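The file final-v6.cif comes next; it holds mmCIF, C-alpha atoms.
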```
data_final
#
loop_
_atom_site.group_PDB
_atom_site.id
_atom_site.type_symbol
_atom_site.label_atom_id
_atom_site.label_comp_id
_atom_site.auth_asym_id
_atom_site.auth_seq_id
_atom_site.Cartn_x
_atom_site.Cartn_y
_atom_site.Cartn_z
ATOM 1 C CA MET C 1 -44.758 -11.356 34.975
ATOM 2 C CA GLN C 2 -43.129 -11.932 31.583
ATOM 3 C CA GLY C 3 -40.917 -8.860 32.074
ATOM 4 C CA TYR C 4 -39.786 -10.215 35.421
ATOM 5 C CA ILE C 5 -38.916 -13.595 33.914
ATOM 6 C CA LEU C 6 -37.007 -11.942 31.090
ATOM 7 C CA GLU C 7 -35.093 -9.769 33.542
ATOM 8 C CA LYS C 8 -34.141 -12.697 35.773
ATOM 9 C CA ALA C 9 -33.244 -14.997 32.879
ATOM 10 C CA THR C 10 -30.959 -12.303 31.466
ATOM 11 C CA LYS C 11 -29.316 -11.858 34.871
ATOM 12 C CA VAL C 12 -28.696 -15.603 35.144
ATOM 13 C CA LEU C 13 -27.173 -15.680 31.648
ATOM 14 C CA TRP C 14 -24.760 -12.846 32.532
ATOM 15 C CA ASP C 15 -23.906 -14.495 35.875
ATOM 16 C CA LEU C 16 -23.135 -17.818 34.213
ATOM 17 C CA VAL C 17 -20.864 -16.133 31.688
ATOM 18 C CA ALA C 18 -19.086 -14.333 34.550
ATOM 19 C CA LEU C 19 -18.677 -17.647 36.394
ATOM 20 C CA VAL C 20 -17.110 -19.340 33.369
ATOM 21 C CA ASN C 21 -14.792 -16.356 32.846
ATOM 22 C CA GLU C 22 -13.730 -16.358 36.498
ATOM 23 C CA LEU C 23 -13.146 -20.098 36.480
ATOM 24 C CA GLU C 24 -10.881 -19.781 33.452
ATOM 25 C CA ALA C 25 -9.025 -16.911 35.112
ATOM 26 C CA THR C 26 -8.220 -19.011 38.188
ATOM 27 C CA LYS C 27 -6.489 -21.591 35.982
ATOM 28 C CA THR C 28 -7.426 -24.377 38.360
ATOM 29 C CA THR C 29 -6.128 -27.797 37.426
ATOM 30 C CA ASP C 30 -8.437 -29.798 39.690
ATOM 31 C CA GLU C 31 -10.217 -31.907 37.095
ATOM 32 C CA GLN C 32 -13.065 -32.852 39.438
ATOM 33 C CA VAL C 33 -13.834 -29.208 40.174
ATOM 34 C CA LEU C 34 -13.627 -28.275 36.522
ATOM 35 C CA GLU C 35 -15.902 -31.105 35.452
ATOM 36 C CA ALA C 36 -18.457 -30.406 38.200
ATOM 37 C CA VAL C 37 -18.616 -26.706 37.418
ATOM 38 C CA HIS C 38 -18.750 -27.324 33.679
ATOM 39 C CA ASN C 39 -21.591 -29.827 34.053
ATOM 40 C CA ASN C 40 -23.575 -27.496 36.302
ATOM 41 C CA VAL C 41 -23.029 -24.472 34.066
ATOM 42 C CA TYR C 42 -23.926 -26.541 31.009
ATOM 43 C CA SER C 43 -27.146 -27.715 32.676
ATOM 44 C CA ALA C 44 -28.023 -24.244 33.962
ATOM 45 C CA LEU C 45 -27.512 -22.715 30.503
ATOM 46 C CA TRP C 46 -29.694 -25.432 29.009
ATOM 47 C CA ASP C 47 -32.525 -24.527 31.377
ATOM 48 C CA VAL C 48 -32.177 -20.750 31.405
ATOM 49 C CA THR C 49 -32.082 -20.515 27.616
ATOM 50 C CA LYS C 50 -35.262 -22.635 27.504
ATOM 51 C CA ILE C 51 -36.919 -20.321 30.026
ATOM 52 C CA ALA C 52 -35.746 -17.241 28.131
ATOM 53 C CA SER C 53 -36.977 -18.519 24.776
ATOM 54 C CA ALA C 54 -40.353 -19.529 26.268
ATOM 55 C CA ALA C 55 -40.751 -16.151 27.989
ATOM 56 C CA SER C 56 -40.053 -14.375 24.706
ATOM 57 C CA GLU C 57 -42.215 -16.831 22.752
ATOM 58 C CA THR C 58 -39.253 -17.680 20.545
ATOM 59 C CA GLU C 59 -38.286 -21.155 19.402
ATOM 60 C CA TRP C 60 -35.517 -22.687 21.516
ATOM 61 C CA TYR C 61 -32.561 -24.535 20.003
ATOM 62 C CA PRO C 62 -29.901 -26.580 21.829
ATOM 63 C CA GLU C 63 -27.360 -24.355 20.050
ATOM 64 C CA ASP C 64 -28.586 -21.440 22.205
ATOM 65 C CA ARG C 65 -26.718 -22.863 25.173
ATOM 66 C CA ASP C 66 -23.643 -23.646 23.093
ATOM 67 C CA LEU C 67 -23.600 -20.108 21.677
ATOM 68 C CA VAL C 68 -23.309 -18.694 25.207
ATOM 69 C CA LEU C 69 -20.545 -21.117 26.159
ATOM 70 C CA ARG C 70 -18.603 -20.517 22.966
ATOM 71 C CA GLU C 71 -18.975 -16.752 22.576
ATOM 72 C CA ARG C 72 -19.704 -15.688 26.166
ATOM 73 C CA ARG C 73 -20.838 -12.044 26.230
ATOM 74 C CA ALA C 74 -21.292 -11.827 22.468
ATOM 75 C CA GLY C 75 -23.269 -15.078 22.586
ATOM 76 C CA VAL C 76 -25.621 -13.745 25.261
ATOM 77 C CA GLU C 77 -26.145 -10.593 23.215
ATOM 78 C CA LYS C 78 -26.899 -12.613 20.080
ATOM 79 C CA LEU C 79 -29.512 -14.584 22.013
ATOM 80 C CA LEU C 80 -31.034 -11.418 23.423
ATOM 81 C CA VAL C 81 -31.379 -10.086 19.878
ATOM 82 C CA ARG C 82 -32.899 -13.359 18.655
ATOM 83 C CA TYR C 83 -35.284 -13.413 21.619
ATOM 84 C CA GLY C 84 -36.259 -9.814 20.829
ATOM 85 C CA TRP C 85 -35.016 -8.306 24.113
ATOM 86 C CA ILE C 86 -32.476 -5.953 22.526
ATOM 87 C CA SER C 87 -32.341 -4.585 19.003
ATOM 88 C CA GLU C 88 -28.629 -5.120 18.285
ATOM 89 C CA THR C 89 -25.482 -6.531 19.825
ATOM 90 C CA THR C 90 -22.603 -4.330 20.907
ATOM 91 C CA GLU C 91 -20.713 -5.445 17.811
ATOM 92 C CA GLN C 92 -23.655 -4.638 15.540
ATOM 93 C CA LYS C 93 -24.045 -1.234 17.176
ATOM 94 C CA MET C 94 -20.373 -0.446 16.664
ATOM 95 C CA THR C 95 -20.522 -1.593 13.027
ATOM 96 C CA ARG C 96 -23.603 0.594 12.466
ATOM 97 C CA GLU C 97 -21.996 3.623 14.114
ATOM 98 C CA ILE C 98 -18.810 3.190 12.056
ATOM 99 C CA ALA C 99 -20.875 2.954 8.859
ATOM 100 C CA GLU C 100 -22.840 6.085 9.836
ATOM 101 C CA PHE C 101 -19.579 7.941 10.524
ATOM 102 C CA ALA C 102 -18.143 6.764 7.194
ATOM 103 C CA GLN C 103 -21.270 7.878 5.345
ATOM 104 C CA ARG C 104 -21.157 11.345 6.942
ATOM 105 C CA VAL C 105 -17.471 11.777 6.078
ATOM 106 C CA LEU C 106 -17.998 10.686 2.471
ATOM 107 C CA GLU C 107 -20.878 13.152 2.132
ATOM 108 C CA VAL C 108 -18.742 15.969 3.561
ATOM 109 C CA ALA C 109 -15.840 14.958 1.302
ATOM 110 C CA LYS C 110 -18.023 15.965 -1.666
ATOM 111 C CA LEU C 111 -17.859 19.591 -0.511
ATOM 112 C CA SER C 112 -15.168 22.066 -1.436
ATOM 113 C CA ARG C 113 -11.759 21.722 0.225
ATOM 114 C CA GLY C 114 -12.305 24.561 2.705
ATOM 115 C CA ASP C 115 -15.730 23.527 3.936
ATOM 116 C CA GLY C 116 -15.108 19.799 3.719
ATOM 117 C CA ARG C 117 -11.726 19.789 5.431
ATOM 118 C CA THR C 118 -13.021 21.655 8.481
ATOM 119 C CA GLN C 119 -16.128 19.492 8.805
ATOM 120 C CA ILE C 120 -14.123 16.285 8.443
ATOM 121 C CA HIS C 121 -11.789 17.423 11.217
ATOM 122 C CA GLN C 122 -14.893 18.022 13.342
ATOM 123 C CA GLU C 123 -16.307 14.580 12.527
ATOM 124 C CA ILE C 124 -13.012 12.891 13.408
ATOM 125 C CA ASN C 125 -12.601 14.865 16.630
ATOM 126 C CA SER C 126 -16.133 14.071 17.776
ATOM 127 C CA CYS C 127 -15.868 10.380 16.881
ATOM 128 C CA ASN C 128 -15.894 8.147 19.973
ATOM 129 C CA LEU C 129 -15.052 5.041 17.993
ATOM 130 C CA SER C 130 -11.744 3.345 17.384
ATOM 131 C CA PHE C 131 -11.058 1.505 14.151
ATOM 132 C CA PRO C 132 -8.022 1.293 11.841
ATOM 133 C CA ALA C 133 -9.409 3.444 9.030
ATOM 134 C CA LEU C 134 -10.030 6.314 11.460
ATOM 135 C CA GLN C 135 -6.312 6.797 12.148
ATOM 136 C CA GLN C 136 -5.506 6.634 8.434
ATOM 137 C CA LEU C 137 -8.274 9.117 7.665
ATOM 138 C CA SER C 138 -7.018 11.452 10.396
ATOM 139 C CA SER C 139 -3.483 11.354 9.008
ATOM 140 C CA SER C 140 -4.749 11.907 5.500
ATOM 141 C CA ILE C 141 -6.873 14.958 6.350
ATOM 142 C CA GLU C 142 -3.950 16.375 8.337
ATOM 143 C CA ALA C 143 -1.792 16.028 5.219
ATOM 144 C CA VAL C 144 -4.400 18.086 3.351
ATOM 145 C CA THR C 145 -4.305 20.706 6.096
ATOM 146 C CA MET C 146 -0.507 20.894 5.913
ATOM 147 C CA GLY C 147 -0.576 21.155 2.128
ATOM 148 C CA ASP C 148 1.138 17.792 1.623
ATOM 149 C CA LYS C 149 -1.868 16.187 -0.072
ATOM 150 C CA SER C 150 -4.446 17.490 -2.513
ATOM 151 C CA TRP C 151 -8.137 17.545 -1.653
ATOM 152 C CA GLU C 152 -8.816 15.281 -4.620
ATOM 153 C CA SER C 153 -6.303 12.709 -3.356
ATOM 154 C CA PHE C 154 -7.970 12.823 0.045
ATOM 155 C CA GLN C 155 -11.396 12.302 -1.513
ATOM 156 C CA LEU C 156 -10.176 9.185 -3.316
ATOM 157 C CA GLU C 157 -8.433 7.846 -0.222
ATOM 158 C CA ALA C 158 -11.518 8.469 1.932
ATOM 159 C CA GLU C 159 -13.619 6.528 -0.559
ATOM 160 C CA VAL C 160 -11.167 3.599 -0.535
ATOM 161 C CA LEU C 161 -10.955 3.595 3.283
ATOM 162 C CA LEU C 162 -14.603 4.139 4.133
ATOM 163 C CA ARG C 163 -16.730 2.616 1.364
ATOM 164 C CA PRO C 164 -15.929 -0.989 2.453
ATOM 165 C CA LEU C 165 -17.154 -0.154 5.989
ATOM 166 C CA ILE C 166 -20.483 1.059 4.635
ATOM 167 C CA ASP C 167 -20.778 -1.871 2.233
ATOM 168 C CA ALA C 168 -20.042 -4.396 5.004
ATOM 169 C CA TYR C 169 -22.757 -2.912 7.190
ATOM 170 C CA GLU C 170 -25.287 -2.863 4.355
ATOM 171 C CA THR C 171 -24.471 -6.475 3.464
ATOM 172 C CA ASP C 172 -24.933 -7.457 7.115
ATOM 173 C CA ILE C 173 -28.324 -5.726 7.210
ATOM 174 C CA GLN C 174 -29.417 -7.394 3.969
ATOM 175 C CA SER C 175 -28.424 -10.847 5.228
ATOM 176 C CA LYS C 176 -30.433 -10.322 8.422
ATOM 177 C CA ASN C 177 -33.517 -9.267 6.444
ATOM 178 C CA LYS C 178 -33.592 -12.489 4.414
#
```

What would you get if you wrote out this structure as structure tokens?
Amino acid sequence: MQGYILEKATKVLWDLVALVNELEATKTTDEQVLEAVHNNVYSALWDVTKIASAASETEWYPEDRDLVLRERRAGVEKLLVRYGWISETTEQKMTREIAEFAQRVLEVAKLSRGDGRTQIHQEINSCNLSFPALQQLSSSIEAVTMGDKSWESFQLEAEVLLRPLIDAYETDIQSKNK
């Protein structure tokens, strides 16, 4: 029964977020409609977050409702993590995957130019992520391929571009473990 409650509570959370998003997209100016919908959504979020926290045996806070209203999809995901229903938010997953990519590239960058260059091209080409440092890294390794940049310069640039991504992820993990 608990699984059923969790499933339905999650569905209601997503539906309420969709309703708020659709209401904003209509750009209605009818103040009575806006106030009525807002009050009902506010009340529904209050109740569904209480149900969700009780079903997951997690303490409920009034801020749970506000988090969903303020951050919408990201807010729902943060609650689902806090309630133990998912292990990480989409943002956390992307940050982790970027850090893992960065770590792999930095490890490969320790190899010789020939082996490292080819493997880094493969890492970049197989990367399904999009982040600013990726484009810079791609341009930099291409400059090595074309002979316009030394392997040593690339290694330093890769460290400068990628180390902060790894450090940010590790700091995030440490702060969550406190």

Subject >> Among the residues C:Arg96, C:Val33, C:Gln119, C:Gln135, the one that comes closest to Thr171 of chain C [using all atoms listed in the file] >> reply: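 Residue with the minimum atom-to-atom distance to Thr171 of chain C: C:Arg96.
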
**OP:** For segment 105-110 of chain C, please output as a PyMOL selection string all residues within 9 Å (counting all atoms listed in the file; exclusion window: fewer than 3 positions along the same chain).
**Re:** chain C and resi 100-102+113+115-117+119-120+123-124+151+154-155+158-159+162-163

Original post:
Do you have the atom CA of His121 of chain C-atom CA of Glu142 of chain C distance handy?
Top reply: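 Those two atoms sit 8.4 Å apart.
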
**OP:** For segment 12-22 of chain C, list every protein, DNA or RNA residue within 9 Å, evaluated using only C-alpha atoms, and leave out those in the same chain fewer than 2 positions away; present the list as a PyMOL selection string.
**Re:** chain C and resi 7-10+24-27+37-38+41+44-45+48-49+68-69+72-73+76

Original post:
For Trp85 of chain C, which residue out of C:Glu57, C:Glu63, C:Asp172, C:Asp47 is the nearest one, using all atoms listed in the file?
Top reply: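 Checking each of C:Glu57, C:Glu63, C:Asp172, C:Asp47 against Trp85 of chain C, counting all atoms listed in the file, the winner is C:Glu57.
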
Coords for segment 146-158 of chain C, all heavy atoms, as a compact mmCIF listing (two decimals), in the first residue's frame:
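As a result, decode.txt now contains:
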```
# COMPACT_ATOMS: atom_id res chain seq x y z
N MET C 146 46.04 19.19 -34.65
CA MET C 146 46.50 19.97 -35.80
C MET C 146 47.94 20.46 -35.63
O MET C 146 48.50 21.06 -36.55
CB MET C 146 45.57 21.17 -36.04
CG MET C 146 44.11 20.80 -36.29
SD MET C 146 43.90 19.63 -37.66
CE MET C 146 44.36 20.64 -39.02
N GLY C 147 48.52 20.23 -34.48
CA GLY C 147 49.89 20.65 -34.24
C GLY C 147 50.02 22.09 -33.81
O GLY C 147 51.12 22.64 -33.76
N ASP C 148 48.90 22.74 -33.49
CA ASP C 148 48.92 24.13 -33.06
C ASP C 148 49.11 24.31 -31.55
O ASP C 148 49.25 25.44 -31.07
CB ASP C 148 47.60 24.82 -33.47
CG ASP C 148 47.42 24.85 -34.97
OD1 ASP C 148 48.44 24.85 -35.70
OD2 ASP C 148 46.25 24.87 -35.43
N LYS C 149 49.07 23.21 -30.82
CA LYS C 149 49.22 23.28 -29.36
C LYS C 149 50.01 22.05 -28.92
O LYS C 149 49.81 20.96 -29.45
CB LYS C 149 47.84 23.29 -28.70
CG LYS C 149 47.87 23.38 -27.19
CD LYS C 149 46.48 23.40 -26.59
CE LYS C 149 45.98 24.83 -26.73
NZ LYS C 149 44.81 25.11 -25.92
N SER C 150 50.85 22.24 -27.93
CA SER C 150 51.63 21.11 -27.41
C SER C 150 50.75 20.27 -26.49
O SER C 150 49.76 20.76 -25.92
CB SER C 150 52.86 21.62 -26.65
OG SER C 150 52.47 22.19 -25.42
N TRP C 151 51.14 19.02 -26.33
CA TRP C 151 50.43 18.11 -25.42
C TRP C 151 50.51 18.64 -23.99
O TRP C 151 49.52 18.60 -23.25
CB TRP C 151 51.03 16.71 -25.53
CG TRP C 151 50.37 15.70 -24.64
CD1 TRP C 151 50.95 15.03 -23.60
CD2 TRP C 151 49.02 15.25 -24.69
NE1 TRP C 151 50.05 14.19 -23.01
CE2 TRP C 151 48.85 14.31 -23.67
CE3 TRP C 151 47.93 15.56 -25.50
CZ2 TRP C 151 47.64 13.66 -23.42
CZ3 TRP C 151 46.73 14.91 -25.26
CH2 TRP C 151 46.59 13.98 -24.23
N GLU C 152 51.64 19.18 -23.62
CA GLU C 152 51.81 19.71 -22.27
C GLU C 152 50.88 20.90 -22.02
O GLU C 152 50.31 21.03 -20.93
CB GLU C 152 53.28 20.11 -22.03
CG GLU C 152 54.25 18.93 -22.01
CD GLU C 152 54.54 18.33 -23.41
OE1 GLU C 152 54.31 19.01 -24.44
OE2 GLU C 152 54.99 17.18 -23.45
N SER C 153 50.73 21.76 -23.02
CA SER C 153 49.80 22.89 -22.88
C SER C 153 48.37 22.38 -22.72
O SER C 153 47.59 22.91 -21.93
CB SER C 153 49.87 23.81 -24.09
OG SER C 153 51.11 24.45 -24.15
N PHE C 154 48.03 21.35 -23.49
CA PHE C 154 46.70 20.77 -23.37
C PHE C 154 46.49 20.20 -21.97
O PHE C 154 45.42 20.40 -21.37
CB PHE C 154 46.47 19.66 -24.40
CG PHE C 154 45.19 18.92 -24.14
CD1 PHE C 154 43.97 19.45 -24.54
CD2 PHE C 154 45.20 17.70 -23.45
CE1 PHE C 154 42.79 18.79 -24.25
CE2 PHE C 154 44.02 17.04 -23.17
CZ PHE C 154 42.80 17.59 -23.57
N GLN C 155 47.47 19.49 -21.46
CA GLN C 155 47.35 18.89 -20.13
C GLN C 155 47.06 19.96 -19.07
O GLN C 155 46.19 19.78 -18.22
CB GLN C 155 48.62 18.12 -19.77
CG GLN C 155 48.81 16.86 -20.58
CD GLN C 155 50.17 16.23 -20.36
OE1 GLN C 155 51.19 16.91 -20.41
NE2 GLN C 155 50.17 14.93 -20.10
N LEU C 156 47.79 21.07 -19.16
CA LEU C 156 47.56 22.16 -18.20
C LEU C 156 46.17 22.77 -18.37
O LEU C 156 45.46 23.02 -17.39
CB LEU C 156 48.62 23.24 -18.37
CG LEU C 156 50.03 22.86 -17.93
CD1 LEU C 156 51.03 23.95 -18.34
CD2 LEU C 156 50.07 22.62 -16.43
N GLU C 157 45.77 22.99 -19.62
CA GLU C 157 44.46 23.57 -19.88
C GLU C 157 43.34 22.63 -19.42
O GLU C 157 42.34 23.08 -18.83
CB GLU C 157 44.29 23.89 -21.37
CG GLU C 157 43.00 24.62 -21.66
CD GLU C 157 42.88 25.07 -23.10
OE1 GLU C 157 43.83 24.90 -23.89
OE2 GLU C 157 41.82 25.59 -23.45
N ALA C 158 43.50 21.34 -19.65
CA ALA C 158 42.50 20.37 -19.21
C ALA C 158 42.35 20.40 -17.69
O ALA C 158 41.24 20.38 -17.16
CB ALA C 158 42.87 18.96 -19.69
```
